[in-house]
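Student: Below you'll find my_file_16.cif; it's mmCIF, C-alpha atoms and all ligand atoms.
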```cif
data_query
loop_
_atom_site.label_atom_id
_atom_site.label_comp_id
_atom_site.auth_asym_id
_atom_site.auth_seq_id
_atom_site.Cartn_x
_atom_site.Cartn_y
_atom_site.Cartn_z
CA MET A 260 -19.74 1.90 10.33
CA ASP A 261 -18.46 5.36 11.08
CA THR A 262 -19.56 7.42 8.11
CA THR A 263 -18.47 10.71 9.56
CA LYS A 264 -14.72 10.15 9.64
CA LYS A 265 -12.85 10.88 6.44
CA ILE A 266 -10.33 8.19 5.59
CA LEU A 267 -9.31 9.77 2.27
CA GLU A 268 -9.25 13.34 1.02
CA VAL A 269 -8.41 14.12 -2.60
CA LYS A 270 -7.74 17.82 -3.09
CA HIS A 271 -7.39 19.54 -6.44
CA LEU A 272 -5.71 16.50 -7.96
CA LYS A 273 -4.22 17.02 -11.40
CA GLN A 274 -2.48 14.40 -13.48
CA TYR A 275 -1.23 15.61 -16.83
CA PHE A 276 0.71 13.47 -19.29
CA ASN A 277 3.11 14.52 -22.07
CA VAL A 278 3.14 18.09 -20.80
CA GLY A 279 4.23 20.60 -23.44
CA LYS A 280 3.98 18.05 -26.23
CA LYS A 281 1.40 17.83 -28.99
CA ASP A 282 -0.33 14.94 -27.26
CA GLU A 283 -0.59 16.60 -23.83
CA VAL A 284 -3.50 15.06 -21.95
CA HIS A 285 -5.20 16.31 -18.80
CA ALA A 286 -6.21 12.87 -17.57
CA VAL A 287 -7.28 14.22 -14.18
CA ASP A 288 -8.00 17.92 -14.03
CA ASP A 289 -8.59 19.46 -10.62
CA VAL A 290 -10.56 16.68 -8.97
CA SER A 291 -11.56 16.87 -5.29
CA PHE A 292 -13.56 14.41 -3.22
CA ASP A 293 -13.58 12.71 0.18
CA ILE A 294 -14.22 9.12 1.17
CA TYR A 295 -15.60 8.24 4.60
CA GLU A 296 -14.50 5.29 6.67
CA GLY A 297 -16.51 2.15 5.96
CA GLU A 298 -18.27 3.44 2.87
CA THR A 299 -18.10 2.52 -0.80
CA PHE A 300 -17.45 5.44 -3.10
CA GLY A 301 -18.34 4.58 -6.69
CA LEU A 302 -16.38 6.38 -9.39
CA VAL A 303 -18.09 6.22 -12.78
CA GLY A 304 -17.49 7.65 -16.21
CA GLU A 305 -16.87 6.49 -19.73
CA SER A 306 -13.60 5.13 -21.06
CA GLY A 307 -10.78 7.66 -20.85
CA SER A 308 -12.48 9.89 -18.27
CA GLY A 309 -9.56 9.50 -15.83
CA LYS A 310 -10.88 6.95 -13.32
CA THR A 311 -7.86 4.63 -13.33
CA THR A 312 -5.45 7.57 -13.32
CA THR A 313 -7.22 8.93 -10.23
CA GLY A 314 -6.92 5.52 -8.53
CA ARG A 315 -3.23 5.21 -9.42
CA ALA A 316 -2.48 8.65 -8.01
CA ILE A 317 -4.32 7.80 -4.77
CA ILE A 318 -2.28 4.64 -4.24
CA ARG A 319 0.84 6.51 -5.33
CA LEU A 320 1.70 4.38 -8.35
CA GLN A 321 2.47 7.73 -9.92
CA ASP A 322 3.21 11.21 -8.61
CA PRO A 323 0.47 13.70 -9.41
CA THR A 324 1.18 16.85 -11.43
CA SER A 325 -0.33 18.81 -8.54
CA GLY A 326 -2.81 18.50 -5.72
CA ASN A 327 -2.88 16.37 -2.59
CA VAL A 328 -4.08 13.03 -1.38
CA ASN A 329 -4.54 12.66 2.37
CA PHE A 330 -4.95 9.18 3.81
CA GLU A 331 -5.99 8.97 7.45
CA GLY A 332 -5.27 12.66 7.82
CA ARG A 333 -1.77 12.51 6.37
CA ASP A 334 -0.57 13.81 2.99
CA ILE A 335 0.76 10.67 1.30
CA ALA A 336 3.44 12.71 -0.48
CA SER A 337 4.96 13.44 2.92
CA ILE A 338 5.34 9.78 3.87
CA LYS A 339 9.09 9.25 3.66
CA LYS A 340 10.14 6.91 6.44
CA ARG A 341 10.54 3.39 5.13
CA SER A 342 8.39 1.84 7.85
CA ASP A 343 5.63 4.39 7.17
CA ILE A 344 5.77 3.70 3.43
CA MET A 345 5.46 -0.01 4.16
CA GLU A 346 2.47 0.62 6.39
CA PHE A 347 0.78 2.77 3.73
CA ARG A 348 1.38 0.05 1.13
CA ARG A 349 -0.21 -2.49 3.43
CA GLU A 350 -3.23 -0.43 4.41
CA MET A 351 -4.18 0.51 0.86
CA GLN A 352 -4.64 -2.29 -1.67
CA MET A 353 -5.83 -2.51 -5.26
CA ILE A 354 -7.94 -5.07 -7.09
CA PHE A 355 -7.60 -5.03 -10.86
CA GLN A 356 -9.95 -5.36 -13.79
CA ASP A 357 -8.30 -8.26 -15.55
CA PRO A 358 -8.01 -11.30 -13.32
CA TYR A 359 -6.05 -13.04 -16.10
CA ALA A 360 -3.32 -10.43 -16.48
CA SER A 361 -2.98 -9.58 -12.79
CA LEU A 362 -2.00 -13.05 -11.52
CA ASN A 363 1.46 -14.42 -12.31
CA PRO A 364 0.77 -17.64 -14.30
CA ARG A 365 3.94 -19.33 -13.01
CA MET A 366 3.10 -18.91 -9.34
CA LYS A 367 0.98 -21.22 -7.24
CA ILE A 368 -2.15 -19.70 -5.75
CA LYS A 369 -0.79 -19.98 -2.22
CA ASP A 370 2.32 -18.01 -3.15
CA ILE A 371 0.33 -15.36 -4.99
CA ILE A 372 -1.92 -14.89 -1.97
CA ALA A 373 1.00 -14.96 0.48
CA GLU A 374 3.14 -12.43 -1.38
CA GLY A 375 1.99 -9.58 0.86
CA ILE A 376 2.18 -11.77 3.96
CA ASP A 377 5.85 -12.42 3.12
CA ILE A 378 6.72 -8.82 2.24
CA HIS A 379 5.15 -7.47 5.42
CA HIS A 380 6.30 -10.40 7.61
CA LEU A 381 2.78 -11.17 8.76
CA ALA A 382 3.28 -14.91 9.32
CA LYS A 383 5.01 -16.33 12.40
CA ASN A 384 6.26 -19.41 10.54
CA LYS A 385 5.55 -21.64 7.55
CA GLN A 386 2.58 -23.30 9.14
CA ASP A 387 1.03 -19.98 10.13
CA ARG A 388 1.50 -18.81 6.53
CA SER A 389 -0.31 -21.88 5.16
CA GLU A 390 -3.10 -21.49 7.68
CA GLN A 391 -3.56 -17.85 6.76
CA VAL A 392 -3.71 -18.73 3.05
CA GLU A 393 -6.26 -21.47 3.69
CA GLU A 394 -8.41 -19.16 5.75
CA LEU A 395 -8.24 -16.49 3.04
CA LEU A 396 -9.28 -19.03 0.39
CA GLU A 397 -12.28 -19.97 2.50
CA THR A 398 -13.12 -16.33 3.16
CA VAL A 399 -13.42 -15.65 -0.57
CA GLY A 400 -15.39 -18.83 -1.23
CA LEU A 401 -12.65 -21.02 -2.73
CA ASN A 402 -11.59 -24.54 -1.84
CA LYS A 403 -8.61 -24.48 0.50
CA ASP A 404 -7.29 -27.69 -1.03
CA HIS A 405 -6.63 -25.84 -4.28
CA SER A 406 -3.81 -23.73 -2.91
CA SER A 407 -1.15 -25.61 -4.90
CA ARG A 408 -2.84 -25.01 -8.22
CA TYR A 409 -1.88 -22.41 -10.82
CA PRO A 410 -4.02 -19.48 -12.04
CA ASN A 411 -4.89 -21.14 -15.38
CA GLU A 412 -6.80 -23.83 -13.49
CA PHE A 413 -9.38 -21.26 -12.37
CA SER A 414 -12.26 -19.45 -14.05
CA GLY A 415 -12.41 -15.66 -14.36
CA GLY A 416 -14.68 -15.31 -11.34
CA GLN A 417 -12.45 -17.59 -9.26
CA ARG A 418 -9.38 -15.63 -10.30
CA GLN A 419 -11.00 -12.41 -9.17
CA ARG A 420 -11.66 -14.11 -5.83
CA ILE A 421 -7.94 -14.94 -5.68
CA GLY A 422 -7.17 -11.28 -6.40
CA ILE A 423 -9.45 -10.30 -3.53
CA ALA A 424 -7.78 -12.85 -1.21
CA ARG A 425 -4.37 -11.44 -2.15
CA ALA A 426 -5.53 -7.93 -1.26
CA LEU A 427 -7.10 -9.07 2.02
CA ALA A 428 -4.00 -11.02 3.06
CA VAL A 429 -2.30 -7.89 4.41
CA GLN A 430 -5.36 -6.72 6.37
CA PRO A 431 -5.89 -3.47 4.49
CA LYS A 432 -8.26 -0.67 5.48
CA PHE A 433 -8.86 0.77 2.05
CA ILE A 434 -9.28 -1.06 -1.26
CA ILE A 435 -9.32 0.47 -4.72
CA ALA A 436 -11.25 -1.89 -6.98
CA ASP A 437 -10.66 -0.81 -10.59
CA GLU A 438 -13.50 -2.30 -12.63
CA PRO A 439 -13.23 -5.57 -10.70
CA ILE A 440 -16.18 -7.19 -12.43
CA SER A 441 -16.26 -5.78 -15.95
CA ALA A 442 -14.20 -8.64 -17.39
CA LEU A 443 -16.48 -11.26 -15.83
CA ASP A 444 -19.59 -13.00 -17.16
CA VAL A 445 -22.74 -11.15 -16.15
CA SER A 446 -23.88 -14.21 -14.18
CA ILE A 447 -20.70 -14.07 -12.07
CA GLN A 448 -20.61 -10.29 -11.54
CA ALA A 449 -23.24 -10.18 -8.80
CA GLN A 450 -21.49 -12.99 -6.89
CA VAL A 451 -18.22 -11.08 -6.77
CA VAL A 452 -19.97 -7.83 -5.81
CA ASN A 453 -21.88 -9.63 -3.05
CA LEU A 454 -18.64 -11.14 -1.78
CA MET A 455 -17.08 -7.67 -1.68
CA LYS A 456 -20.10 -6.33 0.22
CA LYS A 457 -19.94 -9.17 2.73
CA LEU A 458 -16.21 -8.65 3.30
CA GLN A 459 -16.73 -4.94 3.76
CA GLU A 460 -19.23 -5.54 6.55
CA GLU A 461 -17.11 -8.19 8.25
CA LYS A 462 -13.85 -6.30 8.10
CA GLY A 463 -14.98 -2.68 8.11
CA LEU A 464 -13.29 -1.99 4.77
CA THR A 465 -13.58 1.18 2.77
CA TYR A 466 -13.84 0.88 -1.02
CA LEU A 467 -13.18 3.07 -3.99
CA PHE A 468 -15.13 1.14 -6.61
CA ILE A 469 -14.37 2.18 -10.21
CA ALA A 470 -16.72 1.25 -13.06
CA HIS A 471 -18.31 2.30 -16.34
CA ASP A 472 -21.60 0.77 -15.52
CA LEU A 473 -23.90 2.77 -13.28
CA SER A 474 -26.29 -0.08 -12.55
CA MET A 475 -23.77 -2.12 -10.53
CA VAL A 476 -22.18 0.97 -8.99
CA LYS A 477 -25.55 2.14 -7.75
CA TYR A 478 -26.06 -1.23 -6.11
CA ILE A 479 -22.74 -1.36 -4.25
CA SER A 480 -22.03 2.34 -3.54
CA ASP A 481 -23.05 4.63 -0.72
CA ARG A 482 -22.01 7.65 -2.74
CA ILE A 483 -21.15 8.12 -6.39
CA GLY A 484 -18.83 10.51 -8.21
CA VAL A 485 -19.23 11.05 -11.94
CA MET A 486 -16.14 11.81 -14.01
CA HIS A 487 -15.96 13.13 -17.55
CA TYR A 488 -12.85 14.26 -19.46
CA GLY A 489 -10.78 14.33 -16.28
CA LYS A 490 -13.26 16.41 -14.34
CA MET A 491 -15.63 15.47 -11.53
CA LEU A 492 -19.07 16.69 -12.55
CA GLU A 493 -21.34 15.41 -9.80
CA ILE A 494 -21.05 13.78 -6.36
CA GLY A 495 -23.87 12.60 -4.16
CA PRO A 496 -25.59 9.75 -2.35
CA ALA A 497 -25.97 6.82 -4.77
CA GLU A 498 -29.76 6.84 -4.88
CA GLU A 499 -29.81 10.62 -5.34
CA VAL A 500 -27.33 10.62 -8.22
CA TYR A 501 -29.12 7.75 -9.91
CA ASN A 502 -32.72 8.84 -9.40
CA HIS A 503 -32.26 12.61 -9.37
CA PRO A 504 -29.25 13.36 -11.55
CA LEU A 505 -28.42 17.05 -11.70
CA HIS A 506 -25.75 17.25 -14.40
CA ALA A 507 -26.86 16.60 -17.98
CA TYR A 508 -23.97 14.17 -18.41
CA THR A 509 -25.09 12.11 -15.41
CA ALA A 510 -28.63 12.11 -16.79
CA SER A 511 -27.32 10.71 -20.07
CA LEU A 512 -25.37 7.98 -18.23
CA VAL A 513 -28.45 7.05 -16.19
CA SER A 514 -30.61 6.91 -19.30
CA ALA A 515 -28.19 4.40 -20.85
CA VAL A 516 -28.65 1.86 -18.03
CA PRO A 517 -30.82 -1.04 -19.20
CA GLU A 518 -33.90 -1.83 -17.09
CA PRO A 519 -35.43 -5.30 -16.75
CA ASP A 520 -38.93 -3.88 -17.30
CA PRO A 521 -39.89 -4.36 -21.03
CA GLU A 522 -42.53 -1.63 -20.86
CA PHE A 523 -39.86 0.78 -19.64
CA GLU A 524 -37.49 -0.42 -22.36
CA ARG A 525 -40.11 0.28 -25.09
CA ASN A 526 -40.60 3.81 -23.85
CA ARG A 527 -36.93 4.46 -23.15
CA ARG A 528 -35.57 7.74 -24.39
CA GLN A 529 -31.84 7.99 -24.24
CA VAL A 530 -30.88 11.50 -23.15
CA PRO A 531 -28.22 12.90 -25.46
CA TYR A 532 -25.40 14.92 -23.96
CA ASP A 533 -23.54 17.76 -25.61
CA ALA A 534 -20.09 18.00 -24.03
CA ALA A 535 -19.33 21.34 -25.71
CA ARG A 536 -20.71 23.13 -22.67
CA GLU A 537 -17.90 21.83 -20.48
CA PHE A 538 -15.31 23.41 -22.73
CA ASP A 539 -16.51 27.00 -22.55
CA ASP A 540 -14.36 29.25 -20.39
CA LYS A 541 -16.72 29.58 -17.42
CA GLU A 542 -15.34 29.12 -13.92
CA ARG A 543 -17.02 26.10 -12.36
CA ARG A 544 -16.84 24.68 -8.86
CA MET A 545 -18.67 22.01 -6.90
CA VAL A 546 -21.88 23.49 -5.49
CA GLU A 547 -24.10 21.70 -2.95
CA ILE A 548 -27.59 21.83 -4.43
CA THR A 549 -29.39 19.52 -2.00
CA PRO A 550 -27.82 18.03 1.17
CA ASN A 551 -24.62 16.16 0.20
CA HIS A 552 -25.46 16.37 -3.50
CA PHE A 553 -22.91 18.45 -5.42
CA VAL A 554 -22.70 19.45 -9.05
CA LYS A 555 -19.99 21.31 -10.92
CA ALA A 556 -21.60 24.62 -11.77
CA ALA A 557 -20.85 28.18 -12.81
CA ASP A 558 -22.52 30.93 -10.79
CA ASP A 559 -25.14 31.53 -13.47
CA GLU A 560 -26.02 27.81 -13.64
CA ILE A 561 -26.81 27.28 -9.97
CA GLU A 562 -30.41 28.47 -10.21
CA GLU A 563 -31.10 26.00 -13.02
CA TYR A 564 -29.79 23.11 -10.88
CA ARG A 565 -31.84 24.28 -7.89
CA GLN A 566 -34.95 24.24 -10.07
CA ARG A 567 -34.11 20.77 -11.33
CA ALA A 568 -33.82 19.50 -7.75
CA GLU A 569 -37.14 21.17 -6.88
CA ALA A 570 -38.83 19.56 -9.87
CA TYR A 571 -37.74 16.12 -8.64
CA LYS A 572 -39.38 16.82 -5.29
CA ILE A 573 -42.71 17.69 -6.91
CA LYS A 574 -42.76 14.62 -9.16
N1 LIG B 601 0.82 6.91 -18.70
C1 LIG B 601 0.06 7.63 -19.54
N2 LIG B 601 0.61 8.37 -20.53
C2 LIG B 601 -0.16 9.11 -21.36
N3 LIG B 601 -1.51 9.17 -21.32
C3 LIG B 601 -2.12 8.43 -20.37
C4 LIG B 601 -1.38 7.63 -19.44
N4 LIG B 601 -2.27 7.01 -18.61
C5 LIG B 601 -3.49 7.40 -19.01
N5 LIG B 601 -3.42 8.26 -20.06
C6 LIG B 601 -4.55 8.94 -20.72
O1 LIG B 601 -5.31 9.58 -19.72
C7 LIG B 601 -6.70 9.52 -20.01
C8 LIG B 601 -7.45 8.87 -18.88
O2 LIG B 601 -7.10 7.50 -18.81
P1 LIG B 601 -7.65 6.51 -17.71
O3 LIG B 601 -7.03 5.20 -17.96
O4 LIG B 601 -7.46 7.12 -16.37
O5 LIG B 601 -9.20 6.48 -18.03
P2 LIG B 601 -10.34 5.50 -17.45
O6 LIG B 601 -11.47 6.37 -17.04
O7 LIG B 601 -9.77 4.60 -16.43
O8 LIG B 601 -10.79 4.70 -18.75
P3 LIG B 601 -11.25 3.15 -18.89
O9 LIG B 601 -12.70 3.14 -18.50
O10 LIG B 601 -11.07 2.87 -20.34
O11 LIG B 601 -10.40 2.31 -18.01
C9 LIG B 601 -6.81 8.77 -21.33
O12 LIG B 601 -6.89 9.71 -22.36
C10 LIG B 601 -5.52 8.00 -21.39
O13 LIG B 601 -5.16 7.74 -22.72
MG MG B 602 -9.59 2.52 -16.28
#
```
For the structure just supplied, provide its representation as structure tokens.
Tutor:
Amino acid sequence: MDTTKKILEVKHLKQYFNVGKKDEVHAVDDVSFDIYEGETFGLVGESGSGKTTTGRAIIRLQDPTSGNVNFEGRDIASIKKRSDIMEFRREMQMIFQDPYASLNPRMKIKDIIAEGIDIHHLAKNKQDRSEQVEELLETVGLNKDHSSRYPNEFSGGQRQRIGIARALAVQPKFIIADEPISALDVSIQAQVVNLMKKLQEEKGLTYLFIAHDLSMVKYISDRIGVMHYGKMLEIGPAEEVYNHPLHAYTASLVSAVPEPDPEFERNRRQVPYDAAREFDDKERRMVEITPNHFVKAADDEIEEYRQRAEAYKIK
């Protein structure tokens, strides 16, 4: 895994909706972050914080209001040649939250999985296509004899495996997984996450993994970014962000994660968070407080964050 090469750079991304109207919303408001080749970048935040909108702008399902997204060193807005657009669409894939809504109920599994193979002409002939589909089914832990079945014959977890097989079919480099496990039973969630981890290692994939829930994100991610009201508030190595949160909002998210230890649960104190502070008119930027651990801070807040980081060291 080459964790020094940037595969994705998001620079000052803004996505505003209903501009100039009463219901104008700044869904993504000046967000910047990088993702390194082979890593999993976890994007967390509560409902409405702008996670999906960020993902959709990265994969170019919508044009951003302003800002840039560079994929493999190239601004995706500048990709104009049809063959280059096709290549971009193949290299970057998305896995969706709802495995029920994202699979066409009238299509057989083999045709759902082979859609990308057909579009990108990745099969030599019919037999090659079937063989690829069968191999993909096996890769994601499904029975290859089930390729003629329809989505309604599968459970939620199996459908998400089909969604993963569909994404893998075109041999992508980068996968945006938008809450891929939140619609699944808790007992199934870890299986799907473990499958994604295994596939990442085997195929050298890079993931943008979007979720509400910090506990699973911490487990799968190398680094985590925390979003709130369209802004990125903190970015750092997963363990750092989880164990040594700098921003008060991150601390409140961490304190809401349930722990299996009953003693801990009895003594739990949920940290409240007052968002008012984000809406003052201070200029804030991402400041590196400890190595690779950034927090959005105004100049007169930096010292406080430095002290917080110091206090963690002493503990
Ligand atoms: N096409 C759109 N038109 C208008 N507003 C939109 C549009 N898409 C998203 N929004 C708004 O942008 C904000 C961010 O939405 P987004 O779906 O990105 O949040 P999210 O973090 O993915 O939330 P969730 O966890 O619920 O999926 C919300 O206020 C949402 O209502
Ligand atoms: Mg979303």
Student: Find the residues around range 489-498 of chain A up to 8 Å (only C-alpha atoms counted), leave out those fewer than 2 positions away in its own chain, and share them as a PDB file with C-alpha atoms, in the frame of the given file.
Tutor:
```
ATOM      1  CA  HIS A 285      -5.200  16.310 -18.800  1.00  0.00           C
ATOM      2  CA  ALA A 286      -6.210  12.870 -17.570  1.00  0.00           C
ATOM      3  CA  VAL A 287      -7.280  14.220 -14.180  1.00  0.00           C
ATOM      4  CA  ASP A 288      -8.000  17.920 -14.030  1.00  0.00           C
ATOM      5  CA  ASP A 289      -8.590  19.460 -10.620  1.00  0.00           C
ATOM      6  CA  VAL A 290     -10.560  16.680  -8.970  1.00  0.00           C
ATOM      7  CA  SER A 291     -11.560  16.870  -5.290  1.00  0.00           C
ATOM      8  CA  SER A 308     -12.480   9.890 -18.270  1.00  0.00           C
ATOM      9  CA  GLY A 309      -9.560   9.500 -15.830  1.00  0.00           C
ATOM     10  CA  LYS A 310     -10.880   6.950 -13.320  1.00  0.00           C
ATOM     11  CA  LYS A 477     -25.550   2.140  -7.750  1.00  0.00           C
ATOM     12  CA  SER A 480     -22.030   2.340  -3.540  1.00  0.00           C
ATOM     13  CA  ASP A 481     -23.050   4.630  -0.720  1.00  0.00           C
ATOM     14  CA  ARG A 482     -22.010   7.650  -2.740  1.00  0.00           C
ATOM     15  CA  ILE A 483     -21.150   8.120  -6.390  1.00  0.00           C
ATOM     16  CA  GLY A 484     -18.830  10.510  -8.210  1.00  0.00           C
ATOM     17  CA  VAL A 485     -19.230  11.050 -11.940  1.00  0.00           C
ATOM     18  CA  MET A 486     -16.140  11.810 -14.010  1.00  0.00           C
ATOM     19  CA  HIS A 487     -15.960  13.130 -17.550  1.00  0.00           C
ATOM     20  CA  VAL A 500     -27.330  10.620  -8.220  1.00  0.00           C
ATOM     21  CA  TYR A 501     -29.120   7.750  -9.910  1.00  0.00           C
ATOM     22  CA  ASN A 502     -32.720   8.840  -9.400  1.00  0.00           C
ATOM     23  CA  HIS A 503     -32.260  12.610  -9.370  1.00  0.00           C
ATOM     24  CA  LEU A 505     -28.420  17.050 -11.700  1.00  0.00           C
ATOM     25  CA  HIS A 506     -25.750  17.250 -14.400  1.00  0.00           C
ATOM     26  CA  THR A 509     -25.090  12.110 -15.410  1.00  0.00           C
ATOM     27  CA  MET A 545     -18.670  22.010  -6.900  1.00  0.00           C
ATOM     28  CA  ASN A 551     -24.620  16.160   0.200  1.00  0.00           C
ATOM     29  CA  HIS A 552     -25.460  16.370  -3.500  1.00  0.00           C
ATOM     30  CA  PHE A 553     -22.910  18.450  -5.420  1.00  0.00           C
ATOM     31  CA  VAL A 554     -22.700  19.450  -9.050  1.00  0.00           C
ATOM     32  CA  LYS A 555     -19.990  21.310 -10.920  1.00  0.00           C
TER      33      LYS A 555
END
```
Student: Please report the interatomic distance between CA of Arg365 in chain A and CA of Asn453 in chain A in Å with one decimal.
Tutor: 29.3 Å
Student: Do you have, as a tab-separated table, the list of residues of chain A lying at most 12 Å from ligand MG 602 (chain B), each with its nearest atom pair and that distance in Å to one decimal, counting all atoms listed in the file and ordered by chain then number?
Tutor:
```
residue	atom	partner	partner_atom	distance
A:Ala286	CA	B:MG602	MG	11.0
A:Leu302	CA	B:MG602	MG	10.4
A:Val303	CA	B:MG602	MG	9.9
A:Gly304	CA	B:MG602	MG	9.4
A:Glu305	CA	B:MG602	MG	9.0
A:Ser306	CA	B:MG602	MG	6.8
A:Gly307	CA	B:MG602	MG	7.0
A:Ser308	CA	B:MG602	MG	8.2
A:Gly309	CA	B:MG602	MG	7.0
A:Lys310	CA	B:MG602	MG	5.5
A:Thr311	CA	B:MG602	MG	4.0
A:Thr312	CA	B:MG602	MG	7.2
A:Thr313	CA	B:MG602	MG	9.1
A:Gly314	CA	B:MG602	MG	8.7
A:Arg315	CA	B:MG602	MG	9.7
A:Phe355	CA	B:MG602	MG	9.5
A:Gln356	CA	B:MG602	MG	8.3
A:Asp357	CA	B:MG602	MG	10.9
A:Ile435	CA	B:MG602	MG	11.7
A:Ala436	CA	B:MG602	MG	10.4
A:Asp437	CA	B:MG602	MG	6.7
A:Glu438	CA	B:MG602	MG	7.2
A:Pro439	CA	B:MG602	MG	10.5
A:Ser441	CA	B:MG602	MG	10.7
A:Phe468	CA	B:MG602	MG	11.2
A:Ile469	CA	B:MG602	MG	7.7
A:Ala470	CA	B:MG602	MG	7.9
A:His471	CA	B:MG602	MG	8.7
A:Met486	CA	B:MG602	MG	11.6
A:Gly489	CA	B:MG602	MG	11.9
```
Student: Point out the residue among A:Asp322, A:Asp343, A:Asp558, A:Glu298 with the least atom-to-atom distance to ligand LIG 601 (chain B), counting only C-alpha atoms and all ligand atoms.
Tutor: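 The closest residue to ligand LIG 601 (chain B) is A:Asp322.
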Student: Restricting the calculation to only C-alpha atoms, which member of A:Phe413, A:Tyr478, A:Phe433, A:Phe347 is positioned closest to Lys265 in chain A?
Tutor: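 Of A:Phe413, A:Tyr478, A:Phe433, A:Phe347, the one nearest Lys265 in chain A, counting only C-alpha atoms, is A:Phe433.
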Student: Taking into account only C-alpha atoms and all ligand atoms, which residue in the set A:Asp293, A:Glu283, A:Glu522, A:Glu394 is nearest to ligand LIG 601 (chain B)?
Tutor: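 Among the listed residues, A:Glu283 lies closest to ligand LIG 601 (chain B).
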Student: Can you tell me, as a list in words, which residues sit within 12 Å of (-17.0, -1.4, 8.8) in the file's frame, using only C-alpha atoms?
Tutor: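 The distance filter leaves exactly Met260, Asp261, Thr262, Lys264, Tyr295, Glu296, Gly297, Glu298, Thr299, Lys432, Phe433, Lys456, Lys457, Leu458, Gln459, Glu460, Glu461, Lys462, Gly463, Leu464, Thr465 and Tyr466 of chain A.
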Student: For a test of reading the model, state the distance in Å between CA of Ile573 in chain A and CA of Val546 in chain A, rounded to one decimal.
Tutor: 21.7 Å
Student: To one decimal place in Å, what is the distance between CA of Leu395 in chain A and CA of Met366 in chain A?
Tutor: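 CA of Met366 in chain A lies at a distance of 17.0 Å from CA of Leu395 in chain A.
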Student: I'd like to know which of A:Ser446, A:Thr263, A:Gln321, A:Ser511 is closest to ligand LIG 601 (chain B), using all atoms listed in the file.
Tutor: A:Gln321
Student: Give me, as a ChimeraX atom specification, all polymer residues having an atom no more than 8 Å from Gly332 in chain A, counting all atoms listed in the file and skipping those fewer than 4 positions away in the same chain.
Tutor: /A:265-268
Student: Have a look at A:Phe300, A:Tyr488, A:Phe292, A:Tyr409 and name the one nearest to ligand LIG 601 (chain B); count all atoms listed in the file.
Tutor: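 Among the listed residues, the smallest separation from ligand LIG 601 (chain B) belongs to A:Tyr488.
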Student: Would you please work out which residue, of A:Ala426, A:Ala535, A:Met475, A:Val284, is nearest to Ile440 in chain A when using only C-alpha atoms?
Tutor: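 Counting only C-alpha atoms, the residue closest to Ile440 in chain A is A:Met475.
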Student: Could you give me the centre and size, in Å to one decimal, of an axis-aligned box around all listed atoms of range 334-349 of chain A with 3 Å added on every side, as lines of an AutoDock Vina configuration file?
Tutor:
```
center_x = 5.0
center_y = 5.7
center_z = 3.7
size_x = 17.1
size_y = 22.3
size_z = 14.3
```
